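J.: Dropping the structure in here first, questions after.
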Amino acid sequence: MFKDKVKTLLEEALNDDTSLFLIDFSVSADNSIKVILDGDSGITVEDCVKISRAIEHNLDREEYDFSLEVTSAGAASPLIMARQYSKNIGRKLKVKTASDTFEGNLTATTDTGIVLEWKTREPKPIGKGKVTVQKEAKIIFSDIEEAKVIVTI
């Protein structure tokens with residue numbers, strides 16, 4: 001009952017700002033509410049506050065004893081939804097699949113997957129030495145076990 005009410009309030013708040021989307025939502029047995037959000041253009045503290053207020057101001061503390069935490073998906077958090085990839089075009093990702101691990105620049109997203117590009121040194125086909133080669137991997141979303149943005153300083 002309580003969880004359904006919170007979920008309805010959360011959905012209404014997200015419908016008011018379609019650039020934000022839900023990554024994770026949970027309500028524990030002691031009514032601890034945790035909401036993790038992301039946005040098409042990133043997410044600000046004000047976005048988290050807005051969603052928090054939309055939930056908290058519509059729940060009666062006399063009726064329910066609860067705690068509420070609204071956060072953004074962290075920079076080191078894995079990318080979970082296909083919608084998160086498009087905002088990270090141009091950034092370097094580490095993507096694990098069942099058979100391989102790729103590190104490269106995210107150059108494109110499609111309805112079904114992503115395109116990573118990177119440069120690598122390989123032996124020359126003829127003669128000694130190495131040559132720099134441009135590589136590309138097209139990975140479908142269902143093959144991705146984990147994808148993270150590589151944060152550089």
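Following the order of the structure tokens, first chain is A, next is B, and so on, with residues numbered from 1 inside each chain and ligands from 1 in the order they appear.
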Determine which residues of chain A receive a DSSP assignment of helix (DSSP H, G or I), computed from the backbone, and state them as a VMD selection string.
T.: chain A and resid 2 to 16 45 to 56 82 to 86 141 to 143
J.: Please identify which residues in region 16-129 of chain A DSSP calls strand (DSSP E or B) from the backbone, and express them as a PyMOL selection string.
T.: chain A and resi 20-27+32-40+42+67-72+92-97+101-109+113-123
J.: Go through A:Asp60, A:Glu117, A:Asp100, A:Asp65 one by one, measure the shortest atom-to-atom distance of each to Ile144 (chain A) using only C-alpha atoms, and give the residue with the smallest value.
T.: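 Looking only at the distances to Ile144 (chain A), the closest residue turns out to be A:Asp100.
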J.: Quick one: residues within 7 Å of Ala108 (chain A), only C-alpha atoms, excluding same-chain residues fewer than 4 positions away - as JSON, numbers by chain?
T.: {"A": [89, 114, 115]}
J.: For Ile140 (chain A), find every residue with an atom within 6 Å (counting only C-alpha atoms), except residues of its own chain fewer than 3 positions away, and show them as a PyMOL selection string.
T.: chain A and resi 112-113+143
J.: Report, in Å with one decimal, the straight-line distance from CA of Val35 (chain A) to CA of Val70 (chain A).
T.: 4.7 Å
J.: Quick one: of A:Phe21, A:Pro123, A:Val49, A:Leu59, who's nearest to Asp4 (chain A), counting only C-alpha atoms?
T.: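 With only C-alpha atoms as the atom set, the closest residue is A:Leu59.
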J.: Can you tell me, as a list in words, what residues are no more than 12 Å from Ala13 (chain A) when counting only C-alpha atoms, ignoring any on the same chain fewer than 2 positions away?
T.: Val6, Lys7, Thr8, Leu9, Leu10, Glu11, Asn15, Asp16, Asp17, Thr18, Ser19, Leu20, Phe21, Leu22, Leu37, Asp47, Cys48, Val49, Lys50, Ile51, Ser52, Arg53, Ala54, Ile55, Glu56, His57 and Asn58 of chain A
J.: Residues at most 9 Å from Phe66 (chain A), counting only C-alpha atoms, excluding those fewer than 3 positions away in the same chain, as a list in words?
T.: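 Using only C-alpha atoms, the neighbours found are Asp30, Asn31, Ser32, Ile33 and Arg61 of chain A.
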J.: What does the file look like for those residues with C-alpha atoms, as a PDB file, in the first residue's frame?
T.:
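This is the output file part14.pdb:
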```pdb
ATOM      1  CA  ASP A  30      11.020   0.030   7.727  1.00  0.00           C
ATOM      2  CA  ASN A  31       9.692   2.462   5.064  1.00  0.00           C
ATOM      3  CA  SER A  32      13.110   3.666   3.949  1.00  0.00           C
ATOM      4  CA  ILE A  33      12.549   5.014   0.444  1.00  0.00           C
ATOM      5  CA  ARG A  61       4.103  11.772   8.500  1.00  0.00           C
TER       6      ARG A  61
END
```
J.: Neighbours of Gly74 (chain A) within 12 Å (only C-alpha atoms; same-chain residues fewer than 3 positions away dropped), as a list of chain:residue names?
T.: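 Selected residues are A:Ile23, A:Ile36, A:Leu37, A:Asp38, A:Gly39, A:Gly42, A:Ile43, A:Thr44, A:Thr71, A:Ser77, A:Pro78, A:Leu79, A:Ile80, A:Lys148, A:Val149, A:Val151.
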J.: In terms of the shortest atom-to-atom distance over only C-alpha atoms, which of A:Leu106, A:Ala73, A:Val131, A:Ala147 is closest to Lys92 (chain A)?
T.: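 Closest candidate: A:Leu106.
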J.: Just to confirm, what's the straight-line distance from CA of Lys138 (chain A) to CA of Arg121 (chain A) in Å (one decimal)?
T.: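 Those two atoms sit 19.9 Å apart.
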J.: Have a look at A:Glu103, A:Glu46, A:Glu62, A:Glu136 and name the one nearest to Arg91 (chain A); count only C-alpha atoms.
T.: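 The answer is A:Glu103, which sits nearest to Arg91 (chain A).
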J.: Smallest atom-to-atom distance to Ser99 (chain A): which of A:Lys130, A:Glu145, A:Ile153, A:Lys119, using only C-alpha atoms?
T.: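 Comparing A:Lys130, A:Glu145, A:Ile153, A:Lys119 against Ser99 (chain A), the winner is A:Glu145.
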J.: Find the residue from A:Ala29, A:Leu14, A:Asp24, A:Glu146 that sits nearest to Ala98 (chain A); use only C-alpha atoms when measuring.
T.: A:Glu146
